[in-house]
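Structure first, commentary second.
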Amino acid sequence: MQFLRRKQLQRNKKKKTETMAVKDDSKNKTQNRCKDFVGLTFSRGVAGKIIGIALVFVLSHLAHHLLKRINQPRIASDIFIGLFLGSIRPLSDSFEPEVIQTLGFIVEFGMICYMFVLGLEMNPYVIFKPPTRDAIVAYAGLLSTFILACGITPFFHFSTKPNHDLGLTLTLSITLSGSGSHILTRVITNLKIGKSDIGKLGIAAGVHSDMISMLLFSIGYVFFPPGETNTIERVKKGAMMAAALVVQSVIAAKVSPFLMNWINNENPEGKALKGTHLVLSLAYMVFVCSCSTWYGYNTILSAFMAGIFFPSEGRISKWTVGKINYFFNTVYYPIFFLWVGFVADLSNFDAANLESWARLFLLLIISTVGKVFGTFIGGVMLGFHWPDSVALGLLLTAKSHFHIYLAVISTVHKAITATTGCSMVIVIFLTIVHTPYVVAHIIERARKRAPTRRMAVQWHDPSSQLRILLCLHGSHNLPSSINLLEITRGPSDPGILVYVTDMIELTDQIAATLVQNEGIETVTVTDKAVMEMRDQITNTVQAYAAESGEGISVKRMLALSTFNGMSQDICILAEELMVSLIILPFHKRQREDGTLDGGHPGFRYVNRKMLRNAMCSVGILVDRGFGLIERTSGSHISVNVAVIFIGGRDDREALAYSGRVARHPGVRLTVIRFLVENNSENAQRRPGMHKEITPEQEEEMRLDDESFASFYERHIAGGRVSYTEKHLANSSETFTTLKSLEGQYALIIVGRGIGVNSILTEGMNDWQQCPELGPIGDVLSGSDFSVRTSVLIIKQHDFKGELDGLDDDFSIM
């Protein structure tokens, strides 16, 4: 017995030794494979990889900057750069299949995040409500394209399999039928038609179409799982995935609100998120997204199904969306399209074969004709004009990043031919590039119907509210701006309507905190500093409006853009709101010693473009302590104000504005008129005395006299406004007179005066520090002028024929 026990122990010891040897050998092989992969990645062609990754980041941003001038969305430039780099043979050869596979893993992770955010922005419960106009348009376009694709694509060779594949036909038909709501929303909002009837309808229809197509993908995956040919196994696997999907949806819809509400209540706005709560919420999101994947369901579609039922309101959801969008814009999209370029290599497109071109154009025709025909039929049912229905159909053809991913991943798994994959990417590109031109056509049609208006204080109807767009750089502009509103308010009936607008530069950091509001109108900025600033401004202006009583209404607006596009955004906003006056802060701020600093070049650039392009009057406020004037209540303010009148369109606008200031009981207004000295004794001091007066100058002088005479009768004759004249001979005396006003007034109102051929300002332009303020405004705002006198420079817009302005919420349907 002992002998047998010893033999058994020896056998066990030998077996254990052999097992350990096998494990060590397996471990060594794994380590060697890892080392080989690392060496393959970083030793062979490392320069090509670094150059390729650097090029895709640099070129994608450069192309986006160039194509943005023609209003192309970023996805268009990214597709172009990705396909371009993928076609460079030395560059693509430096990326081995293993490296491209690794990029594919990164792309798949990003697509999971993309689909989760896409689902968060959708409301699945609208399906169970009676169909609205946007739903009818979306369903009509989707159904017609789906039927057309299902009827045509089986007769063309798109699959790698010789026999007809029903699953591929349905997938291809749904892809051609869907819409990229994210892309469509970005194009419509960037081109400023999001408030119009056709803009709202287009965005809502795009969301409906995208949601229905994604739900069809998600449900279709259950019935047609890839790789399963046996019918019984397919049914078993489908039933298991369906059950898991139902459980996941119930957890996301019913359990998630309790946890998310508790975390949101524990982390109110304005306070830093607690680390444990943040980790818990992210872990829960990952758990919800992965429930159905444990039973064979697709990870990307699972993330969408989790997102569509997950609560979208609350701080955690908005924080997640902001961070994921920042990750997309800075890192993911360049890598995604580099991967697309390598896999969907254009060299794989069989250009020599006419059938390849036939398939490409067939896919484009199905996608375009199907959408346009369907929306046209839906438009006829709803009573739309046919150009609007066609425009909607062309907009709804736009596809998104998921459609590109689906085309490329189908090529990777050999479900479709390489030529078909390239064709799909090219078709998706072509469905996107035309959208800005469709929107431009919509705007052109709307502008042709817009009435002609002359928006300025001088032409304002006294029986209607005066609309003012008050722009702020930050809360430091509040005191002076509120005092300016106080002296501008005029009589309580009809009063003024003020749109207080925050001018915020759109940086990458702020762009990452943007959250789309229902995908219809605007976005919300969740950046902490911006939110605190906006809340402070809102509370202050609302408190002022409540304290002032009747006569002033305040609404809050936001101008969020880069400095290059901010002036255009503000001009369009002012045009839509039909304001008569835009008030901008000066780009320089006053230091503690009273002098002005060097200023912000970005805001100066915006001010200069506003003066050139605004379709209403523009005022620039140079604040030198105007906000320090004490105001105990709405009307208890005591301030000395002067208006300088020389002549010209801008001075007439400044005088008309001063007419409202003169009505304030706490304002002591003085009108100072500069007149040319006609005394023969001083005539020799005037340069250019023998110049002939042109008919245009005579007309301007006539208008000046009429405008001033009307102002005199209304305000000066009754003794309410003081009046003084300054007879001057040249610009030197003008400068001396302006210097004599130093410290006498808290605010001086002047016209910009550019283009006025007056000998009283001749030569002053030669030594201006800020030419955009005009000769008089530049002197009064100069560093050597008073440190206690603020200046308001007003420019009336140039009226040249008909204006192509659009009303707020313009309608063409």
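Every chain in the structure tokens takes a letter, A first, then B, and so on in the order presented; its residues are numbered from 1, and the ligands are numbered from 1 following the presented order.
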Running DSSP on the backbone, which parts of segment 524-555 of chain A land in strand (DSSP E), as a list of chain:residue names?
-> A:Thr524, A:Val525, A:Ile552, A:Ser553, A:Val554, A:Lys555
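Residue neighbourhood of Lys609 of chain A, excluding near-sequence residues (fewer than 6 positions): A:Asn564, A:Gly565, A:Met566, A:Ser567, A:Gln568, A:Cys571, A:Phe603, A:Glu772, at 10 Å, using only C-alpha atoms.
Going from atom CA of Val279 of chain A to atom CA of Val107 of chain A covers 23.3 Å.
Reported to one decimal place, the separation of atom CA of Glu713 of chain A from atom CA of Leu792 of chain A is 24.2 Å.
Residue nearest Met610 of chain A, chosen from A:Gly104, A:Pro665, A:Pro225, A:Pro585 and counting only C-alpha atoms: A:Pro585.
The closest residue to Val750 of chain A, picked from A:Pro387, A:Gly648, A:Gly379, A:Gly82 and counting only C-alpha atoms, is A:Gly648.
Using only C-alpha atoms, the protein and nucleic acid residues lying no more than 10 Å from Leu396 of chain A, apart from those fewer than 6 places from it along its own chain, are Val137, Ala138, Gly141, Leu142, Ser177, Gly178, Ser179, Gly180, Ser181, Leu184, Gly202, Ile203, Ala205, Gly206, Val207, Ser209, Asp210, Ser367, Thr368, Lys371, Val372, Thr375, Val390, Thr431, Ile432 and Thr435 of chain A.
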With N, CA, C and O atoms kept, could you save the residues just selected as a short mmCIF file (atom, residue, chain, number, x, y, z; two decimals), in the first residue's frame?
```
data_model
loop_
_atom_site.label_atom_id
_atom_site.label_comp_id
_atom_site.auth_asym_id
_atom_site.auth_seq_id
_atom_site.Cartn_x
_atom_site.Cartn_y
_atom_site.Cartn_z
N VAL A 137 -43.82 64.00 -41.97
CA VAL A 137 -42.77 64.23 -42.96
C VAL A 137 -41.67 63.20 -42.83
O VAL A 137 -41.18 62.64 -43.83
N ALA A 138 -41.26 62.90 -41.60
CA ALA A 138 -40.17 61.94 -41.38
C ALA A 138 -40.59 60.54 -41.82
O ALA A 138 -39.82 59.84 -42.51
N GLY A 141 -40.84 60.25 -45.75
CA GLY A 141 -39.54 60.16 -46.40
C GLY A 141 -38.84 58.85 -46.12
O GLY A 141 -38.22 58.25 -47.01
N LEU A 142 -38.93 58.38 -44.88
CA LEU A 142 -38.26 57.13 -44.52
C LEU A 142 -38.91 55.94 -45.22
O LEU A 142 -38.23 55.06 -45.76
N SER A 177 -32.33 55.04 -45.75
CA SER A 177 -33.56 55.72 -45.34
C SER A 177 -33.35 56.66 -44.17
O SER A 177 -34.13 57.61 -43.99
N GLY A 178 -32.33 56.41 -43.35
CA GLY A 178 -32.15 57.19 -42.12
C GLY A 178 -31.62 58.59 -42.39
O GLY A 178 -31.25 58.96 -43.51
N SER A 179 -31.57 59.35 -41.32
CA SER A 179 -31.05 60.72 -41.36
C SER A 179 -30.10 60.93 -40.20
O SER A 179 -30.26 60.30 -39.14
N GLY A 180 -29.13 61.80 -40.40
CA GLY A 180 -28.20 62.15 -39.33
C GLY A 180 -28.71 63.37 -38.59
O GLY A 180 -28.42 64.51 -38.97
N SER A 181 -29.50 63.15 -37.54
CA SER A 181 -30.13 64.28 -36.83
C SER A 181 -29.10 65.20 -36.22
O SER A 181 -29.29 66.42 -36.19
N LEU A 184 -27.74 67.33 -39.09
CA LEU A 184 -28.79 68.23 -39.59
C LEU A 184 -29.06 69.36 -38.60
O LEU A 184 -29.22 70.52 -39.00
N GLY A 202 -37.56 70.83 -39.93
CA GLY A 202 -36.46 70.00 -40.41
C GLY A 202 -35.72 69.30 -39.30
O GLY A 202 -35.39 68.11 -39.41
N ILE A 203 -35.46 70.01 -38.20
CA ILE A 203 -34.74 69.40 -37.07
C ILE A 203 -35.58 68.30 -36.44
O ILE A 203 -35.10 67.19 -36.17
N ALA A 205 -38.09 66.61 -37.76
CA ALA A 205 -38.25 65.48 -38.68
C ALA A 205 -36.96 64.65 -38.75
O ALA A 205 -37.02 63.42 -38.84
N GLY A 206 -35.81 65.32 -38.70
CA GLY A 206 -34.55 64.60 -38.69
C GLY A 206 -34.39 63.72 -37.47
O GLY A 206 -33.91 62.58 -37.56
N VAL A 207 -34.79 64.23 -36.31
CA VAL A 207 -34.71 63.44 -35.08
C VAL A 207 -35.65 62.24 -35.17
O VAL A 207 -35.29 61.12 -34.78
N SER A 209 -36.74 60.71 -37.92
CA SER A 209 -36.22 59.77 -38.89
C SER A 209 -35.03 58.99 -38.34
O SER A 209 -34.92 57.77 -38.53
N ASP A 210 -34.14 59.70 -37.66
CA ASP A 210 -32.97 59.05 -37.08
C ASP A 210 -33.38 58.05 -36.01
O ASP A 210 -32.85 56.93 -35.94
N SER A 367 -31.19 57.25 -52.21
CA SER A 367 -31.22 58.06 -51.00
C SER A 367 -31.86 59.42 -51.24
O SER A 367 -32.63 59.90 -50.39
N THR A 368 -31.59 60.04 -52.38
CA THR A 368 -32.09 61.39 -52.64
C THR A 368 -33.54 61.38 -53.13
O THR A 368 -34.41 62.05 -52.57
N LYS A 371 -36.14 60.18 -50.47
CA LYS A 371 -36.46 61.19 -49.44
C LYS A 371 -37.28 62.32 -50.02
O LYS A 371 -38.28 62.76 -49.41
N VAL A 372 -36.87 62.84 -51.16
CA VAL A 372 -37.58 63.98 -51.75
C VAL A 372 -39.01 63.59 -52.11
O VAL A 372 -39.96 64.33 -51.86
N THR A 375 -41.10 63.15 -48.77
CA THR A 375 -41.44 64.42 -48.13
C THR A 375 -42.37 65.26 -48.99
O THR A 375 -43.18 66.03 -48.47
N VAL A 390 -39.51 69.89 -51.11
CA VAL A 390 -38.28 69.43 -51.76
C VAL A 390 -37.07 69.79 -50.90
O VAL A 390 -36.14 68.98 -50.73
N THR A 431 -24.33 63.35 -49.51
CA THR A 431 -25.60 63.73 -48.89
C THR A 431 -25.43 64.83 -47.85
O THR A 431 -26.43 65.39 -47.39
N ILE A 432 -24.19 65.15 -47.51
CA ILE A 432 -23.93 66.17 -46.49
C ILE A 432 -23.54 67.50 -47.10
O ILE A 432 -23.99 68.56 -46.64
N THR A 435 -26.22 70.30 -48.03
CA THR A 435 -27.17 70.85 -47.05
C THR A 435 -27.00 72.35 -46.83
O THR A 435 -28.02 73.06 -46.73
#
```
